[in-house]
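The next block is entry_19.txt, given as compact mmCIF, N, CA and C atoms.
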# COMPACT_ATOMS: atom_id res chain seq x y z
N MET F 1407 122.58 102.36 172.55
CA MET F 1407 121.33 102.54 173.27
C MET F 1407 121.12 101.36 174.20
N SER F 1408 120.92 101.62 175.50
CA SER F 1408 120.77 100.53 176.45
C SER F 1408 119.31 100.07 176.50
N GLU F 1409 119.16 98.82 176.86
CA GLU F 1409 117.82 98.25 176.96
C GLU F 1409 117.21 98.65 178.28
N PRO F 1410 115.91 98.92 178.30
CA PRO F 1410 115.27 99.25 179.58
C PRO F 1410 115.26 98.03 180.48
N SER F 1411 115.43 98.26 181.78
CA SER F 1411 115.43 97.14 182.71
C SER F 1411 114.02 96.93 183.25
N ILE F 1412 113.79 95.73 183.68
CA ILE F 1412 112.50 95.38 184.25
C ILE F 1412 112.58 95.61 185.75
N SER F 1413 111.57 96.19 186.32
CA SER F 1413 111.58 96.51 187.74
C SER F 1413 111.65 95.26 188.59
N SER F 1414 112.07 95.44 189.83
CA SER F 1414 112.13 94.30 190.73
C SER F 1414 110.73 93.77 191.03
N ALA F 1415 109.70 94.59 190.90
CA ALA F 1415 108.34 94.10 191.09
C ALA F 1415 107.99 93.09 190.00
N ALA F 1416 108.40 93.38 188.75
CA ALA F 1416 108.16 92.44 187.66
C ALA F 1416 108.96 91.17 187.86
N ALA F 1417 110.19 91.31 188.34
CA ALA F 1417 111.01 90.12 188.60
C ALA F 1417 110.38 89.30 189.72
N GLY F 1418 109.82 89.99 190.72
CA GLY F 1418 109.14 89.28 191.81
C GLY F 1418 107.92 88.54 191.31
N ALA F 1419 107.18 89.16 190.38
CA ALA F 1419 106.00 88.49 189.81
C ALA F 1419 106.43 87.26 189.02
N ALA F 1420 107.52 87.37 188.28
CA ALA F 1420 108.02 86.22 187.52
C ALA F 1420 108.47 85.12 188.46
N THR F 1421 109.13 85.49 189.55
CA THR F 1421 109.58 84.50 190.52
C THR F 1421 108.37 83.81 191.14
N ALA F 1422 107.31 84.58 191.41
CA ALA F 1422 106.10 83.98 191.96
C ALA F 1422 105.47 83.02 190.97
N ALA F 1423 105.56 83.35 189.68
CA ALA F 1423 104.95 82.50 188.65
C ALA F 1423 105.74 81.22 188.42
N ILE F 1424 107.07 81.31 188.48
CA ILE F 1424 107.88 80.12 188.16
C ILE F 1424 108.54 79.51 189.38
N GLY F 1425 108.40 80.15 190.53
CA GLY F 1425 109.02 79.64 191.74
C GLY F 1425 110.38 80.28 191.96
N PRO F 1426 110.94 80.09 193.14
CA PRO F 1426 112.22 80.71 193.43
C PRO F 1426 113.34 80.13 192.58
N ALA F 1427 114.30 80.97 192.26
CA ALA F 1427 115.44 80.53 191.45
C ALA F 1427 116.36 79.66 192.28
N THR F 1428 116.98 78.70 191.63
CA THR F 1428 117.94 77.84 192.28
C THR F 1428 119.23 78.62 192.48
N PRO F 1429 119.86 78.56 193.67
CA PRO F 1429 121.10 79.29 193.86
C PRO F 1429 122.15 78.86 192.83
N GLY F 1430 123.02 79.79 192.48
CA GLY F 1430 124.04 79.50 191.49
C GLY F 1430 123.50 79.69 190.10
N ALA F 1431 123.97 78.87 189.18
CA ALA F 1431 123.52 78.97 187.78
C ALA F 1431 122.05 78.61 187.69
N ALA F 1432 121.38 79.20 186.71
CA ALA F 1432 119.96 78.92 186.51
C ALA F 1432 119.78 77.46 186.14
N ALA F 1433 118.90 76.80 186.86
CA ALA F 1433 118.63 75.40 186.58
C ALA F 1433 117.86 75.29 185.27
N PRO F 1434 118.05 74.20 184.53
CA PRO F 1434 117.31 74.04 183.27
C PRO F 1434 115.79 74.10 183.46
N ALA F 1435 115.31 73.57 184.58
CA ALA F 1435 113.86 73.61 184.84
C ALA F 1435 113.40 75.06 185.03
N ASP F 1436 114.20 75.87 185.74
CA ASP F 1436 113.85 77.28 185.93
C ASP F 1436 113.85 78.02 184.60
N ALA F 1437 114.85 77.75 183.77
CA ALA F 1437 114.93 78.41 182.46
C ALA F 1437 113.75 78.01 181.59
N ARG F 1438 113.35 76.76 181.64
CA ARG F 1438 112.22 76.28 180.84
C ARG F 1438 110.92 76.92 181.31
N LYS F 1439 110.75 77.02 182.63
CA LYS F 1439 109.55 77.66 183.18
C LYS F 1439 109.50 79.13 182.79
N LEU F 1440 110.64 79.81 182.90
CA LEU F 1440 110.70 81.23 182.54
C LEU F 1440 110.36 81.41 181.06
N HIS F 1441 110.87 80.54 180.20
CA HIS F 1441 110.58 80.60 178.77
C HIS F 1441 109.07 80.44 178.53
N GLN F 1442 108.45 79.49 179.21
CA GLN F 1442 107.02 79.25 179.05
C GLN F 1442 106.20 80.45 179.51
N VAL F 1443 106.57 81.01 180.66
CA VAL F 1443 105.84 82.16 181.20
C VAL F 1443 105.98 83.37 180.26
N ALA F 1444 107.18 83.58 179.73
CA ALA F 1444 107.39 84.70 178.80
C ALA F 1444 106.56 84.52 177.54
N GLN F 1445 106.50 83.29 177.02
CA GLN F 1445 105.68 83.03 175.83
C GLN F 1445 104.20 83.23 176.13
N GLN F 1446 103.75 82.80 177.29
CA GLN F 1446 102.35 82.99 177.67
C GLN F 1446 102.01 84.46 177.77
N PHE F 1447 102.93 85.25 178.34
CA PHE F 1447 102.69 86.69 178.44
C PHE F 1447 102.59 87.32 177.06
N GLU F 1448 103.50 86.94 176.16
CA GLU F 1448 103.45 87.49 174.80
C GLU F 1448 102.15 87.10 174.11
N ALA F 1449 101.70 85.86 174.31
CA ALA F 1449 100.45 85.41 173.69
C ALA F 1449 99.27 86.24 174.21
N ILE F 1450 99.26 86.52 175.50
CA ILE F 1450 98.18 87.34 176.08
C ILE F 1450 98.23 88.74 175.47
N PHE F 1451 99.42 89.28 175.35
CA PHE F 1451 99.59 90.62 174.79
C PHE F 1451 99.10 90.68 173.34
N VAL F 1452 99.50 89.70 172.54
CA VAL F 1452 99.09 89.66 171.13
C VAL F 1452 97.57 89.49 171.03
N ARG F 1453 97.00 88.63 171.88
CA ARG F 1453 95.56 88.41 171.88
C ARG F 1453 94.83 89.70 172.21
N GLN F 1454 95.35 90.46 173.19
CA GLN F 1454 94.72 91.74 173.55
C GLN F 1454 94.81 92.75 172.40
N MET F 1455 95.95 92.77 171.71
CA MET F 1455 96.08 93.68 170.55
C MET F 1455 95.07 93.32 169.47
N LEU F 1456 94.92 92.04 169.20
CA LEU F 1456 93.97 91.61 168.17
C LEU F 1456 92.53 91.93 168.58
N ALA F 1457 92.22 91.75 169.86
CA ALA F 1457 90.86 92.05 170.34
C ALA F 1457 90.56 93.54 170.19
N GLU F 1458 91.54 94.39 170.50
CA GLU F 1458 91.33 95.83 170.35
C GLU F 1458 91.19 96.21 168.87
N ALA F 1459 91.95 95.56 168.02
CA ALA F 1459 91.84 95.84 166.58
C ALA F 1459 90.46 95.42 166.08
N ARG F 1460 89.95 94.30 166.59
CA ARG F 1460 88.64 93.83 166.17
C ARG F 1460 87.54 94.78 166.61
N LYS F 1461 87.74 95.46 167.74
CA LYS F 1461 86.73 96.39 168.26
C LYS F 1461 86.51 97.56 167.32
N SER F 1462 87.50 97.84 166.46
CA SER F 1462 87.32 98.94 165.51
C SER F 1462 86.19 98.64 164.54
N ASN F 1463 85.84 97.36 164.38
CA ASN F 1463 84.67 96.87 163.66
C ASN F 1463 84.71 97.08 162.15
N MET F 1464 85.23 98.17 161.67
CA MET F 1464 85.38 98.42 160.24
C MET F 1464 84.09 98.18 159.44
N GLY F 1465 82.95 98.42 160.05
CA GLY F 1465 81.68 98.31 159.34
C GLY F 1465 81.22 96.89 159.10
N ASP F 1466 81.77 95.93 159.82
CA ASP F 1466 81.43 94.52 159.62
C ASP F 1466 80.22 94.13 160.47
N THR F 1467 79.08 94.72 160.21
CA THR F 1467 77.88 94.40 160.97
C THR F 1467 76.99 93.40 160.25
N LEU F 1468 77.28 93.10 159.00
CA LEU F 1468 76.46 92.17 158.23
C LEU F 1468 76.48 90.77 158.82
N PHE F 1469 77.67 90.32 159.24
CA PHE F 1469 77.80 88.96 159.75
C PHE F 1469 78.06 88.94 161.25
N SER F 1470 77.60 89.95 161.96
CA SER F 1470 77.84 90.05 163.39
C SER F 1470 76.82 89.22 164.15
N SER F 1471 77.33 88.32 165.00
CA SER F 1471 76.48 87.52 165.88
C SER F 1471 77.34 87.01 167.02
N GLN F 1472 76.69 86.43 168.01
CA GLN F 1472 77.44 85.91 169.15
C GLN F 1472 78.35 84.76 168.70
N GLY F 1473 77.88 83.93 167.79
CA GLY F 1473 78.69 82.83 167.27
C GLY F 1473 79.92 83.32 166.52
N THR F 1474 79.74 84.36 165.73
CA THR F 1474 80.86 84.94 164.99
C THR F 1474 81.87 85.56 165.95
N ASP F 1475 81.37 86.24 166.98
CA ASP F 1475 82.27 86.83 167.97
C ASP F 1475 83.07 85.76 168.70
N THR F 1476 82.41 84.68 169.06
CA THR F 1476 83.10 83.57 169.73
C THR F 1476 84.15 82.97 168.82
N PHE F 1477 83.80 82.77 167.56
CA PHE F 1477 84.76 82.22 166.60
C PHE F 1477 85.97 83.14 166.46
N ARG F 1478 85.73 84.44 166.38
CA ARG F 1478 86.84 85.39 166.22
C ARG F 1478 87.75 85.39 167.44
N GLU F 1479 87.16 85.28 168.64
CA GLU F 1479 87.96 85.20 169.86
C GLU F 1479 88.85 83.96 169.84
N MET F 1480 88.28 82.83 169.41
CA MET F 1480 89.05 81.59 169.32
C MET F 1480 90.14 81.72 168.26
N GLN F 1481 89.81 82.37 167.17
CA GLN F 1481 90.77 82.59 166.09
C GLN F 1481 91.93 83.47 166.58
N GLU F 1482 91.61 84.52 167.33
CA GLU F 1482 92.64 85.40 167.88
C GLU F 1482 93.55 84.64 168.84
N GLN F 1483 92.95 83.79 169.67
CA GLN F 1483 93.72 83.02 170.63
C GLN F 1483 94.67 82.06 169.91
N ALA F 1484 94.18 81.38 168.89
CA ALA F 1484 95.01 80.45 168.12
C ALA F 1484 96.12 81.19 167.39
N PHE F 1485 95.80 82.34 166.81
CA PHE F 1485 96.79 83.14 166.10
C PHE F 1485 97.86 83.65 167.06
N ALA F 1486 97.44 84.11 168.23
CA ALA F 1486 98.38 84.62 169.23
C ALA F 1486 99.33 83.52 169.69
N SER F 1487 98.80 82.33 169.94
CA SER F 1487 99.65 81.20 170.37
C SER F 1487 100.62 80.80 169.28
N ALA F 1488 100.14 80.70 168.05
CA ALA F 1488 101.00 80.32 166.92
C ALA F 1488 102.08 81.38 166.67
N THR F 1489 101.71 82.63 166.76
CA THR F 1489 102.66 83.72 166.56
C THR F 1489 103.76 83.67 167.61
N THR F 1490 103.38 83.47 168.84
CA THR F 1490 104.34 83.44 169.94
C THR F 1490 105.28 82.24 169.82
N LYS F 1491 104.73 81.07 169.52
CA LYS F 1491 105.56 79.87 169.42
C LYS F 1491 106.56 79.94 168.27
N SER F 1492 106.24 80.70 167.23
CA SER F 1492 107.14 80.79 166.08
C SER F 1492 108.16 81.93 166.23
N GLY F 1493 108.19 82.56 167.39
CA GLY F 1493 109.12 83.67 167.59
C GLY F 1493 108.41 84.99 167.65
N GLY F 1494 107.24 85.02 167.07
CA GLY F 1494 106.34 86.16 167.17
C GLY F 1494 106.96 87.52 167.02
N LEU F 1495 106.62 88.37 167.94
CA LEU F 1495 107.07 89.75 167.91
C LEU F 1495 108.40 89.93 168.64
N GLY F 1496 108.85 88.90 169.31
CA GLY F 1496 110.12 88.97 170.03
C GLY F 1496 109.99 89.44 171.46
N PHE F 1497 108.76 89.70 171.91
CA PHE F 1497 108.57 90.15 173.29
C PHE F 1497 108.98 89.08 174.28
N ALA F 1498 108.61 87.84 174.02
CA ALA F 1498 108.93 86.76 174.95
C ALA F 1498 110.43 86.63 175.14
N LYS F 1499 111.17 86.75 174.06
CA LYS F 1499 112.63 86.64 174.14
C LYS F 1499 113.22 87.78 174.97
N MET F 1500 112.72 89.00 174.75
CA MET F 1500 113.21 90.15 175.52
C MET F 1500 112.84 90.03 176.99
N ILE F 1501 111.61 89.61 177.27
CA ILE F 1501 111.16 89.45 178.65
C ILE F 1501 112.01 88.39 179.34
N GLU F 1502 112.22 87.28 178.66
CA GLU F 1502 113.02 86.19 179.22
C GLU F 1502 114.44 86.65 179.54
N LYS F 1503 115.04 87.40 178.62
CA LYS F 1503 116.40 87.90 178.81
C LYS F 1503 116.47 88.84 180.02
N GLN F 1504 115.55 89.77 180.09
CA GLN F 1504 115.54 90.73 181.19
C GLN F 1504 115.28 90.07 182.53
N LEU F 1505 114.31 89.15 182.58
CA LEU F 1505 113.99 88.50 183.85
C LEU F 1505 115.11 87.55 184.28
N THR F 1506 115.78 86.91 183.35
CA THR F 1506 116.90 86.04 183.69
C THR F 1506 118.00 86.86 184.35
N ALA F 1507 118.31 88.01 183.77
CA ALA F 1507 119.33 88.89 184.35
C ALA F 1507 118.90 89.41 185.72
N GLN F 1508 117.65 89.81 185.84
CA GLN F 1508 117.13 90.33 187.11
C GLN F 1508 117.14 89.24 188.18
N MET F 1509 116.73 88.04 187.82
CA MET F 1509 116.71 86.94 188.78
C MET F 1509 118.13 86.55 189.19
N ALA F 1510 119.08 86.63 188.27
CA ALA F 1510 120.47 86.32 188.60
C ALA F 1510 121.01 87.33 189.61
N ARG F 1511 120.68 88.62 189.41
CA ARG F 1511 121.11 89.65 190.36
C ARG F 1511 120.46 89.44 191.71
N THR F 1512 119.18 89.11 191.71
CA THR F 1512 118.45 88.89 192.96
C THR F 1512 119.02 87.68 193.70
N THR F 1513 119.30 86.62 192.97
CA THR F 1513 119.85 85.40 193.57
C THR F 1513 121.24 85.67 194.12
N ALA F 1514 122.06 86.41 193.36
CA ALA F 1514 123.41 86.74 193.82
C ALA F 1514 123.35 87.61 195.07
N ALA F 1515 122.43 88.55 195.12
CA ALA F 1515 122.31 89.43 196.27
C ALA F 1515 121.85 88.66 197.50
N SER F 1516 120.93 87.71 197.32
CA SER F 1516 120.44 86.95 198.46
C SER F 1516 121.45 85.90 198.90
N ALA F 1517 122.34 85.47 198.03
CA ALA F 1517 123.35 84.47 198.38
C ALA F 1517 124.53 85.11 199.10
N THR F 1518 124.73 86.42 198.91
CA THR F 1518 125.82 87.13 199.57
C THR F 1518 125.42 87.40 201.02
N PRO F 1519 126.23 86.93 201.97
CA PRO F 1519 125.86 87.16 203.37
C PRO F 1519 125.90 88.65 203.70
N ALA F 1520 124.99 89.05 204.57
CA ALA F 1520 124.92 90.45 204.99
C ALA F 1520 126.16 90.80 205.80
N LYS F 1521 126.68 91.97 205.59
CA LYS F 1521 127.89 92.44 206.27
C LYS F 1521 127.52 92.88 207.68
N LYS F 1522 128.19 92.29 208.68
CA LYS F 1522 127.91 92.65 210.07
C LYS F 1522 128.94 93.66 210.53
N ASP F 1523 128.46 94.63 211.28
CA ASP F 1523 129.36 95.66 211.82
C ASP F 1523 129.79 95.32 213.20

What would you get if you wrote out this structure as structure tokens?
Amino acid sequence: MSEPSISSAAAGAATAAIGPATPGAAAPADARKLHQVAQQFEAIFVRQMLAEARKSNMGDTLFSSQGTDTFREMQEQAFASATTKSGGLGFAKMIEKQLTAQMARTTAASATPAKKD
């Protein structure tokens, strides 16, 4: 079973977030930036999942207040960051792998001179 590829629009968004790729092999700084962006994306995704799960409420109206809601949002953010940094759900790793391959293809295509007729 083949892995789904990320569209060139997503690769373009990643390039915009981390800057243009260095020609040739991926520079360590580019790889580090891509890793950070992928982890940040996974953290946002996990935080959104937790927020949606919290919206189900499960009858927890006894201790509902603005302070409790703020605390839960902070708790979700901390949990999402910790989950992502520890390897989490693996989304960051998959995103990083796909974007690295896409950026390598894009860099190789732009480095190849256009054929003149």

Within 12 Å of Met1500 of chain F using only C-alpha atoms, minus same-chain residues under 3 positions, as a list in words: Glu1409, Pro1410, Ser1411, Ile1412, Leu1440, His1441, Ala1444, Gln1445, Phe1447, Glu1448, Gly1493, Gly1494, Leu1495, Gly1496, Phe1497, Lys1503, Gln1504, Leu1505, Thr1506 and Ala1507 of chain F

What does the distance between atom N of Arg1438 of chain F and atom C of Ala1515 of chain F come to in Å, to one decimal place? 21.6 Å

So, with only N, CA and C atoms as the atoms that count, which of F:Val1443, F:Ala1449, F:Ala1514, F:Ala1435 lies closest to Thr1489 of chain F? F:Ala1449
